[in-house]
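Next up, protein.cif (mmCIF, C-alpha atoms):
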data_entry
loop_
_atom_site.label_atom_id
_atom_site.label_comp_id
_atom_site.auth_asym_id
_atom_site.auth_seq_id
_atom_site.Cartn_x
_atom_site.Cartn_y
_atom_site.Cartn_z
CA MET A 1 -35.56 -2.32 7.99
CA LYS A 2 -32.91 0.39 8.29
CA ALA A 3 -31.56 1.33 4.86
CA LEU A 4 -27.92 1.98 4.13
CA PHE A 5 -27.25 5.26 2.34
CA LEU A 6 -24.21 7.16 1.21
CA ILE A 7 -23.55 10.47 2.90
CA ALA A 8 -21.46 13.41 1.81
CA ILE A 9 -17.83 12.94 2.78
CA PRO A 10 -16.59 15.92 4.77
CA LEU A 11 -13.21 16.37 3.07
CA ALA A 12 -11.26 18.44 5.55
CA VAL A 13 -7.52 18.73 4.99
CA VAL A 14 -4.60 19.78 7.11
CA GLY A 15 -3.22 23.09 5.88
CA ARG A 16 -4.55 26.25 4.30
CA SER A 17 -6.16 24.71 1.22
CA ALA A 18 -7.28 21.44 -0.33
CA SER A 19 -4.30 21.29 -2.66
CA SER A 20 -2.25 18.19 -3.43
CA ASP A 21 0.47 19.57 -1.14
CA THR A 22 -1.58 19.20 2.04
CA PRO A 23 -0.51 16.34 4.33
CA SER A 24 -3.76 14.40 4.56
CA VAL A 25 -7.38 13.95 3.54
CA LYS A 26 -9.73 13.58 6.49
CA LEU A 27 -12.88 11.44 6.40
CA THR A 28 -15.09 12.03 9.41
CA GLY A 29 -18.19 10.65 11.08
CA GLU A 30 -19.80 10.63 14.49
CA ARG A 31 -16.94 10.40 17.02
CA TRP A 32 -14.43 9.09 14.47
CA ARG A 33 -11.91 10.36 11.95
CA VAL A 34 -9.70 8.69 9.34
CA GLU A 35 -6.73 10.63 8.00
CA LEU A 36 -5.45 9.42 4.63
CA ARG A 37 -1.86 10.49 4.10
CA ARG A 38 -0.72 12.13 0.86
CA ASP A 39 2.99 11.47 1.37
CA ALA A 40 2.63 7.70 1.92
CA GLY A 41 0.01 5.02 1.29
CA THR A 42 -1.08 4.80 4.90
CA PHE A 43 -3.56 6.39 7.31
CA ASP A 44 -4.50 7.04 10.91
CA VAL A 45 -7.77 6.08 12.63
CA LEU A 46 -8.98 8.15 15.57
CA ALA A 47 -12.02 8.17 17.82
CA GLN A 48 -13.49 10.30 20.58
CA PRO A 49 -14.06 8.32 23.78
CA ALA A 50 -17.43 8.81 25.43
CA GLY A 51 -17.51 11.94 27.56
CA GLU A 52 -14.09 13.13 26.41
CA ALA A 53 -13.22 16.12 24.22
CA ALA A 54 -10.06 14.89 22.52
CA PHE A 55 -9.69 12.29 19.77
CA VAL A 56 -7.25 9.42 20.31
CA SER A 57 -5.48 7.26 17.71
CA PHE A 58 -6.11 3.52 17.61
CA LEU A 59 -2.58 2.92 16.34
CA ARG A 60 0.29 1.95 18.63
CA PRO A 61 2.52 4.94 19.33
CA ASP A 62 5.71 4.63 17.24
CA GLY A 63 4.39 1.35 15.84
CA GLU A 64 4.30 0.04 12.29
CA LYS A 65 2.21 2.21 9.97
CA PRO A 66 -0.93 0.64 8.41
CA TRP A 67 -0.37 -0.80 4.95
CA PHE A 68 -1.76 -2.84 2.09
CA GLY A 69 0.64 -5.08 0.21
CA TYR A 70 2.18 -8.53 -0.02
CA ASN A 71 5.17 -10.80 0.65
CA LEU A 72 7.55 -12.13 -1.99
CA ALA A 73 9.49 -15.38 -2.10
CA ASP A 74 12.75 -13.67 -1.17
CA GLY A 75 11.31 -12.57 2.16
CA LYS A 76 10.74 -8.99 1.09
CA GLU A 77 7.49 -7.11 1.64
CA ALA A 78 5.89 -4.60 -0.70
CA ARG A 79 4.17 -2.01 1.53
CA THR A 80 1.99 0.89 0.49
CA CYS A 81 3.16 2.82 3.57
CA GLU A 82 6.60 3.07 1.93
CA VAL A 83 5.27 4.53 -1.34
CA LYS A 84 4.10 8.04 -2.17
CA PRO A 85 0.57 7.57 -3.55
CA THR A 86 -1.55 9.29 -6.14
CA VAL A 87 -4.53 10.62 -4.18
CA LYS A 88 -7.72 11.70 -5.93
CA THR A 89 -10.80 13.09 -4.25
CA GLY A 90 -14.28 13.01 -5.70
CA GLY A 91 -15.45 16.35 -4.41
CA ALA A 92 -17.70 16.93 -1.42
CA SER A 93 -19.66 13.70 -1.88
CA GLY A 94 -17.35 11.45 -3.90
CA PRO A 95 -14.96 8.71 -2.87
CA VAL A 96 -11.24 9.10 -2.24
CA SER A 97 -8.81 7.02 -4.29
CA VAL A 98 -5.31 6.20 -2.99
CA ARG A 99 -3.15 4.49 -5.63
CA CYS A 100 0.35 3.12 -5.00
CA ASP A 101 2.86 1.71 -7.48
CA LEU A 102 4.40 -1.21 -5.62
CA ASP A 103 6.53 -2.77 -8.37
CA ARG A 104 7.14 -0.64 -11.46
CA GLU A 105 9.05 -3.41 -13.24
CA HIS A 106 6.02 -5.73 -13.15
CA ALA A 107 3.39 -2.97 -13.16
CA VAL A 108 2.00 -4.00 -9.76
CA THR A 109 -0.27 -1.38 -8.25
CA HIS A 110 -2.67 -1.20 -5.35
CA GLU A 111 -5.65 1.12 -5.20
CA ALA A 112 -7.90 1.70 -2.21
CA LEU A 113 -11.19 3.49 -2.85
CA TYR A 114 -12.77 4.93 0.33
CA THR A 115 -16.48 5.77 0.48
CA THR A 116 -18.18 7.08 3.62
CA ILE A 117 -21.36 5.47 4.96
CA PRO A 118 -23.06 6.15 8.31
CA GLU A 119 -21.34 3.12 9.87
CA GLY A 120 -17.84 4.01 8.69
CA LEU A 121 -16.08 3.38 5.39
CA VAL A 122 -16.61 1.02 2.48
CA VAL A 123 -13.17 0.24 1.07
CA VAL A 124 -12.69 -1.27 -2.39
CA SER A 125 -9.20 -2.76 -2.45
CA ARG A 126 -7.72 -3.83 -5.79
CA PHE A 127 -4.41 -5.13 -7.04
CA THR A 128 -3.43 -4.97 -10.71
CA ALA A 129 -0.27 -6.36 -12.28
CA GLY A 130 1.45 -7.02 -15.57
CA ALA A 131 1.57 -10.42 -17.22
CA LEU A 132 4.94 -11.34 -15.65
CA ALA A 133 4.11 -10.35 -12.09
CA PRO A 134 5.75 -12.64 -9.52
CA GLU A 135 3.85 -14.98 -7.26
CA ALA A 136 3.08 -13.36 -3.91
CA SER A 137 1.80 -14.51 -0.52
CA ILE A 138 0.07 -12.97 2.48
CA VAL A 139 -1.63 -10.54 0.13
CA ARG A 140 -3.17 -7.86 2.32
CA PHE A 141 -6.35 -6.85 0.52
CA ALA A 142 -7.45 -5.51 3.91
CA PRO A 143 -4.79 -3.53 5.74
CA LYS A 144 -2.36 -4.70 8.38
CA LEU A 145 -2.55 -2.55 11.53
CA ASP A 146 -0.35 -2.21 14.60
CA VAL A 147 -2.95 -1.26 17.21
CA ASN A 148 -2.81 0.32 20.64
CA ILE A 149 -4.12 -2.29 23.07
CA ASP A 150 -4.10 0.20 25.93
CA LEU A 151 -7.07 1.73 24.06
CA LEU A 152 -8.51 -1.34 22.36
CA THR A 153 -8.57 -3.69 25.32
CA HIS A 154 -11.13 -6.29 24.20
CA TYR A 155 -11.90 -8.35 21.09
CA ALA A 156 -14.92 -10.08 19.58
CA TYR A 157 -15.73 -12.07 16.45
CA MET A 158 -18.22 -14.74 15.39
CA ASP A 159 -17.02 -18.09 14.09
CA GLY A 160 -18.41 -20.26 11.30
CA HIS A 161 -20.74 -22.06 13.72
CA GLY A 162 -22.35 -18.82 14.89
CA ARG A 163 -20.58 -18.73 18.26
CA ARG A 164 -19.32 -15.38 19.49
CA HIS A 165 -15.71 -15.33 20.68
CA GLN A 166 -14.96 -12.44 23.01
CA GLY A 167 -12.84 -11.38 25.91
CA ALA A 168 -10.09 -9.17 27.22
CA LEU A 169 -6.84 -9.14 25.27
CA ALA A 170 -4.98 -9.43 28.55
CA ASP A 171 -6.56 -12.85 29.06
CA LEU A 172 -5.21 -14.31 25.80
CA GLY A 173 -1.98 -15.35 27.47
CA GLU A 174 1.66 -14.48 27.06
CA ARG A 175 2.99 -13.36 23.68
CA ASN A 176 3.02 -14.89 21.05
CA THR A 177 -0.81 -15.24 21.17
CA TYR A 178 -3.82 -14.66 18.91
CA ALA A 179 -7.49 -13.86 18.52
CA GLY A 180 -9.30 -14.53 15.25
CA VAL A 181 -9.21 -16.75 12.17
CA GLY A 182 -6.21 -18.35 10.48
CA ALA A 183 -3.47 -17.61 13.02
CA TRP A 184 0.12 -18.64 12.33
CA GLU A 185 0.09 -21.17 15.18
CA PRO A 186 -2.08 -22.35 18.09
CA GLY A 187 -2.54 -20.10 21.08
CA GLY A 188 -5.15 -17.69 22.38
CA ASP A 189 -8.67 -17.77 20.95
CA VAL A 190 -8.68 -18.94 17.32
CA ALA A 191 -11.24 -20.46 14.93
CA ALA A 192 -11.31 -21.94 11.43
CA ARG A 193 -13.43 -19.26 9.75
CA LEU A 194 -15.68 -16.29 10.35
CA ASN A 195 -19.45 -16.51 10.22
CA ALA A 196 -20.69 -15.93 6.66
CA GLU A 197 -23.74 -13.94 7.83
CA ARG A 198 -21.78 -11.89 10.36
CA PRO A 199 -18.19 -11.88 9.07
CA TYR A 200 -16.81 -9.32 11.50
CA MET A 201 -14.00 -8.79 13.95
CA LEU A 202 -14.05 -5.99 16.50
CA LEU A 203 -11.57 -4.48 18.92
CA HIS A 204 -13.14 -2.26 21.57
CA ASN A 205 -12.92 -0.66 24.99
CA PRO A 206 -15.98 -1.17 27.23
CA GLN A 207 -15.00 1.58 29.67
CA ARG A 208 -14.42 4.35 27.10
CA ALA A 209 -17.03 3.16 24.55
CA ILE A 210 -14.68 3.19 21.56
CA SER A 211 -14.20 0.53 18.92
CA LEU A 212 -12.68 -0.38 15.58
CA GLY A 213 -14.12 -3.17 13.45
CA VAL A 214 -13.88 -4.82 10.07
CA ILE A 215 -16.68 -6.56 8.15
CA LEU A 216 -15.94 -8.72 5.09
CA PRO A 217 -19.03 -8.73 2.79
CA CYS A 218 -19.55 -11.55 0.27
CA TYR A 219 -17.51 -13.68 2.64
CA ASP A 220 -17.91 -17.04 0.89
CA SER A 221 -17.02 -15.64 -2.52
CA LEU A 222 -14.44 -12.94 -1.76
CA TRP A 223 -12.96 -13.87 1.62
CA ARG A 224 -13.52 -17.59 2.22
CA ASP A 225 -9.77 -18.35 2.34
CA ALA A 226 -8.83 -15.14 4.13
CA ASN A 227 -7.01 -14.86 7.44
CA THR A 228 -8.36 -12.30 9.93
CA PHE A 229 -6.65 -12.20 13.29
CA LEU A 230 -4.91 -10.12 15.93
CA GLN A 231 -1.38 -11.25 16.79
CA LEU A 232 0.06 -10.03 20.08
CA TYR A 233 3.63 -10.51 18.98
CA LYS A 234 6.89 -10.43 20.84
CA GLY A 235 8.56 -7.05 21.18
CA GLY A 236 5.30 -5.26 21.94
CA TYR A 237 3.85 -5.48 18.43
CA ASN A 238 0.06 -5.77 18.17
CA PHE A 239 -0.46 -6.82 14.55
CA TRP A 240 -4.04 -6.93 13.34
CA TYR A 241 -4.19 -8.69 9.98
CA THR A 242 -7.68 -7.50 9.09
CA GLY A 243 -7.89 -9.67 5.95
CA PHE A 244 -5.22 -11.32 3.81
CA LEU A 245 -5.27 -14.12 1.25
CA PRO A 246 -2.54 -16.77 1.35
CA SER A 247 -1.41 -16.33 -2.27
CA THR A 248 -2.42 -14.69 -5.53
CA ARG A 249 -1.06 -13.48 -8.84
CA LEU A 250 -1.51 -9.93 -7.56
CA ARG A 251 -4.71 -9.32 -9.41
CA GLY A 252 -8.14 -8.98 -7.94
CA GLU A 253 -10.62 -6.84 -6.10
CA ARG A 254 -12.12 -7.16 -2.65
CA VAL A 255 -14.51 -5.00 -0.65
CA LEU A 256 -14.56 -4.49 3.10
CA VAL A 257 -16.25 -2.26 5.64
CA VAL A 258 -14.17 -0.43 8.22
CA TYR A 259 -16.78 -0.30 10.97
CA LEU A 260 -16.46 2.94 12.92
CA LYS A 261 -19.70 3.22 14.84
CA GLN A 262 -18.26 3.83 18.30
CA SER A 263 -19.35 1.32 20.91
CA GLY A 264 -18.14 -0.43 24.02
CA SER A 265 -19.45 -3.85 22.99
CA PRO A 266 -19.87 -6.06 19.90
CA ASP A 267 -23.68 -5.79 19.99
CA ALA A 268 -23.89 -2.99 17.40
CA ILE A 269 -21.59 -4.57 14.81
CA GLU A 270 -23.26 -7.93 15.29
CA GLU A 271 -26.64 -6.34 14.60
CA ASP A 272 -25.44 -4.26 11.64
CA ALA A 273 -23.23 -6.83 9.88
CA PRO A 274 -25.98 -8.83 8.10
CA ARG A 275 -27.60 -5.65 6.77
CA LEU A 276 -24.29 -4.20 5.61
CA CYS A 277 -23.42 -7.48 3.90
CA ARG A 278 -26.64 -7.10 1.88
CA GLU A 279 -26.51 -3.38 1.25
CA VAL A 280 -22.87 -3.02 0.18
CA PRO A 281 -23.34 -5.44 -2.76
CA ARG A 282 -26.45 -3.45 -3.78
CA LEU A 283 -24.42 -0.25 -3.84
CA ILE A 284 -21.84 -1.98 -6.04
CA SER A 285 -24.43 -3.53 -8.37
CA SER A 286 -26.11 -0.15 -8.81
CA GLY A 287 -22.80 1.53 -9.64
CA LYS A 288 -22.84 3.81 -6.59
CA ILE A 289 -19.58 2.21 -5.50
CA ASP A 290 -17.04 1.52 -8.25
CA ALA A 291 -15.94 -2.12 -7.99
CA PRO A 292 -16.19 -3.61 -11.50
CA SER A 293 -14.80 -7.06 -10.70
CA VAL A 294 -17.07 -7.49 -7.69
CA LYS A 295 -19.98 -6.15 -9.75
CA ALA A 296 -19.32 -8.82 -12.40
CA MET A 297 -19.20 -11.47 -9.68
CA LEU A 298 -22.54 -10.32 -8.24
CA ALA A 299 -24.12 -10.33 -11.72
CA ALA A 300 -22.87 -13.88 -12.26
CA GLN A 301 -24.34 -14.96 -8.93
CA GLU A 302 -27.71 -13.50 -9.88
CA ALA A 303 -27.74 -15.10 -13.33
CA PHE A 304 -26.43 -18.52 -12.35
CA GLU A 305 -29.56 -20.23 -11.02
CA GLY A 306 -31.69 -19.53 -14.08
CA GLU A 307 -28.90 -20.34 -16.54
CA ALA A 308 -28.00 -23.57 -14.77
CA GLN A 309 -31.62 -24.70 -14.67
CA ALA A 310 -32.01 -23.95 -18.37
CA LEU A 311 -28.90 -26.01 -19.19
CA HIS A 312 -30.12 -28.91 -17.05
CA GLU A 313 -33.45 -29.00 -18.88
CA LEU A 314 -31.65 -28.81 -22.22
CA ILE A 315 -29.43 -31.75 -21.28
CA LEU A 316 -32.47 -33.85 -20.38
CA GLN A 317 -33.80 -33.35 -23.89
CA GLN A 318 -30.62 -34.69 -25.49
CA PRO A 319 -29.80 -38.26 -26.57
CA PRO A 320 -26.85 -39.86 -24.71
CA THR A 321 -24.15 -38.21 -26.82
CA ARG A 322 -20.63 -37.10 -25.93
CA ALA A 323 -21.76 -33.48 -26.10
CA ALA A 324 -24.50 -34.15 -23.55
CA TRP A 325 -22.02 -35.89 -21.24
CA VAL A 326 -19.55 -32.99 -21.51
CA ALA A 327 -22.30 -30.46 -20.82
CA MET A 328 -23.43 -32.43 -17.75
CA GLU A 329 -19.85 -32.50 -16.40
CA MET A 330 -19.57 -28.75 -16.92
CA LEU A 331 -22.84 -28.23 -15.08
CA ARG A 332 -21.69 -30.42 -12.19
CA THR A 333 -18.40 -28.55 -11.91
CA ALA A 334 -20.24 -25.23 -12.11
CA HIS A 335 -22.41 -26.15 -9.12
CA GLU A 336 -19.29 -27.15 -7.17
CA CYS A 337 -17.54 -23.80 -7.71
CA ARG A 338 -20.53 -21.42 -7.80
CA GLU A 339 -19.94 -20.23 -4.24
CA ARG A 340 -16.21 -19.56 -4.41
CA ASP A 341 -16.09 -18.39 -8.05
CA PRO A 342 -19.48 -17.37 -9.50
CA VAL A 343 -17.95 -15.93 -12.68
CA LYS A 344 -16.21 -19.22 -13.48
CA ALA A 345 -19.40 -21.15 -12.65
CA LEU A 346 -21.51 -19.08 -15.04
CA ASP A 347 -18.85 -19.40 -17.73
CA LEU A 348 -18.97 -23.20 -17.39
CA VAL A 349 -22.74 -23.18 -17.80
CA GLN A 350 -22.50 -21.03 -20.91
CA ARG A 351 -19.80 -23.30 -22.35
CA GLY A 352 -22.04 -26.28 -21.64
CA LYS A 353 -24.82 -24.67 -23.66
CA ALA A 354 -22.36 -23.98 -26.48
CA GLU A 355 -21.23 -27.62 -26.41
CA LEU A 356 -24.80 -28.81 -26.97
CA GLU A 357 -25.49 -26.27 -29.68
CA GLY A 358 -22.36 -27.32 -31.54
CA GLY A 359 -22.70 -31.05 -30.83
#
Would it be possible to restate this file's structure as C-alpha cells?
Amino acid sequence: MKALFLIAIPLAVVGRSASSDTPSVKLTGERWRVELRRDAGTFDVLAQPAGEAAFVSFLRPDGEKPWFGYNLADGKEARTCEVKPTVKTGGASGPVSVRCDLDREHAVTHEALYTTIPEGLVVVSRFTAGALAPEASIVRFAPKLDVNIDLLTHYAYMDGHGRRHQGALADLGERNTYAGVGAWEPGGDVAARLNAERPYMLLHNPQRAISLGVILPCYDSLWRDANTFLQLYKGGYNFWYTGFLPSTRLRGERVLVVYLKQSGSPDAIEEDAPRLCREVPRLISSGKIDAPSVKAMLAAQEAFEGEAQALHELILQQPPTRAAWVAMEMLRTAHECRERDPVKALDLVQRGKAELEGG
C-alpha cells in the first residue's frame, strides 16, 4: 500500500526576499502551484498543462476571488478575500497559516493551515468566535471558487450509492445549472450526498490533462451535512462551493484535501481518495498536522467502542433502578449520534458510567 508522507514545502515568494512585505507565498508540486496572498485572505491555483511550458490559472479571469467565510441574516457576507491576513510560515518544511479577522466586534476569525503532501495540500480550516457571535449560514469551511470553465471543462464526483457522476460542463444545460451535492435548486447533475469512502469532486480537462479536486476526509463526521457543488450561474459566474455547512455558531474545525495531482480523468482521485481519507486522520492523530478539534474527535471515535461495551456490561449487572434506566438511555443516544458527533457520544457514555457509580 502506498504511504502518504509529508514533503518539504518549497516556500518561494514573489520579490527579493521572504519578508512579510512580499506579495505571496508559493506552495508548489509537480505541475501545480498555489499562491497564498499576503495582502488578502485569498489565493490563486495554477497548473501546467501536459506538454506546455507555461502555467495557467484555474480561476476565471476577472472573476470573484477565492474566499472562506459565511453569510449573515442581513444578507451580508464576511469574506476572507476582503481582509488583510496574518500569514505565518513554518520554515522550509512547516505549514503556512493564514489568519483573518472577520468580525472584530464578536471576535470571529478564520484560520487556514496549509500543509503540502505529494497529492496537493491538506487544509485545516477553523472558525473561532466570541460568546456573542451571531448565527451564520452557508459557512464556507472549504473555499468558494469562481473557476475558469474554458480550462476545467469536465466534472466528476461519486454519490452516496457509489455511482460516478461525470460529464462535460457544456452538457449540463443552460444557466442556472449545477453539478454536485446540495444544489440550490434542481437542474444539471445533482445528488443527495457524496460517497463516504470516496468523498471527492473533480473538475478537469481531458485534452490538456489538468485538474483541480477536493476530498473531504471524515465525511460522515465532519462533512455529512455539507454542500459541495459547481453552480454555472447567470452572468458568466462559475461558482464552485467546495464545501459549506448550512449553519453554525462560527466555531469549529474541518479538514480537506485540495487534490492537485494533474490528470485528465477522475481515475487518479478515485483511486487515491480512500487512502487519503485514512492517512490524513493518522497525520492529525500523530500531531504531524495541527488540528486539535479533529484530533479530539478521532480519539473519541477510537475510544467509543470499548467504552460503550463496558457501560453495556455494567448496566446488565445492575438491578432495575432509575440510574440503570438513565444510563441505558444515554447509551442508546450515544450509539445514535456516534457517527455525526463522536465527542458527544463518548461524553454520553462517560456520563452514563457516572450515573451508575453515583446511583
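Within 6 Å of the point (-18.7, -5.5, 7.7) in file coordinates, and counting only C-alpha atoms, lie the residues Tyr200, Val214, Ile215, Leu216, Pro217, Val257 and Ala273 of chain A.
Counting only C-alpha atoms, the residue from A:Arg37, A:Lys84, A:His165, A:His335 that sits nearest to A:Asn195 is A:His165.
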Taking only C-alpha atoms into account, which of A:Leu36, A:Leu250, A:Met158, A:Leu151 comes nearest A:Leu102?
-> A:Leu250
10 Å contact set for A:Ala73, all atoms listed in the file, chain neighbours under 6 positions out, as a CSV table (one decimal) with C-alpha atoms, in the coordinates of the input:
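Generated output (selection-v3.csv):
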chain,number,residue,atom,x,y,z
A,134,PRO,CA,5.8,-12.6,-9.5
A,135,GLU,CA,3.8,-15.0,-7.3
A,136,ALA,CA,3.1,-13.4,-3.9
A,137,SER,CA,1.8,-14.5,-0.5
Please evaluate the PyMOL selection byres ((chain A and resi 172-187) around 6) against the structure above and give the resulting residues as an mmCIF file with C-alpha atoms, in the coordinates of the input.
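Everything below was put into out-v2.cif:
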data_model
loop_
_atom_site.group_PDB
_atom_site.id
_atom_site.type_symbol
_atom_site.label_atom_id
_atom_site.label_comp_id
_atom_site.auth_asym_id
_atom_site.auth_seq_id
_atom_site.Cartn_x
_atom_site.Cartn_y
_atom_site.Cartn_z
ATOM 1 C CA LEU A 169 -6.840 -9.140 25.270
ATOM 2 C CA ALA A 170 -4.980 -9.430 28.550
ATOM 3 C CA ASP A 171 -6.560 -12.850 29.060
ATOM 4 C CA GLY A 188 -5.150 -17.690 22.380
ATOM 5 C CA ASP A 189 -8.670 -17.770 20.950
ATOM 6 C CA VAL A 190 -8.680 -18.940 17.320
ATOM 7 C CA ALA A 191 -11.240 -20.460 14.930
ATOM 8 C CA ALA A 192 -11.310 -21.940 11.430
ATOM 9 C CA ARG A 193 -13.430 -19.260 9.750
ATOM 10 C CA ASN A 227 -7.010 -14.860 7.440
ATOM 11 C CA THR A 228 -8.360 -12.300 9.930
ATOM 12 C CA PHE A 229 -6.650 -12.200 13.290
ATOM 13 C CA LEU A 230 -4.910 -10.120 15.930
ATOM 14 C CA GLN A 231 -1.380 -11.250 16.790
ATOM 15 C CA LEU A 232 0.060 -10.030 20.080
ATOM 16 C CA TYR A 233 3.630 -10.510 18.980
ATOM 17 C CA LYS A 234 6.890 -10.430 20.840
#
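In terms of minimum interatomic distance to A:Ala324, A:Glu357 ranks closest within A:Gly41, A:Glu307, A:Glu357, A:Asp290, counting only C-alpha atoms.
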Between atom CA of A:Leu152 and atom CA of A:Arg33, what is the distance, to one decimal in Å?
-> 16.0 Å
In Å to one decimal, how far is atom CA of A:Gly51 from atom CA of A:Ala209?
-> 9.3 Å
Point-to-point distance in Å for atom CA of A:Thr109 and atom CA of A:Leu298 = 24.0 Å
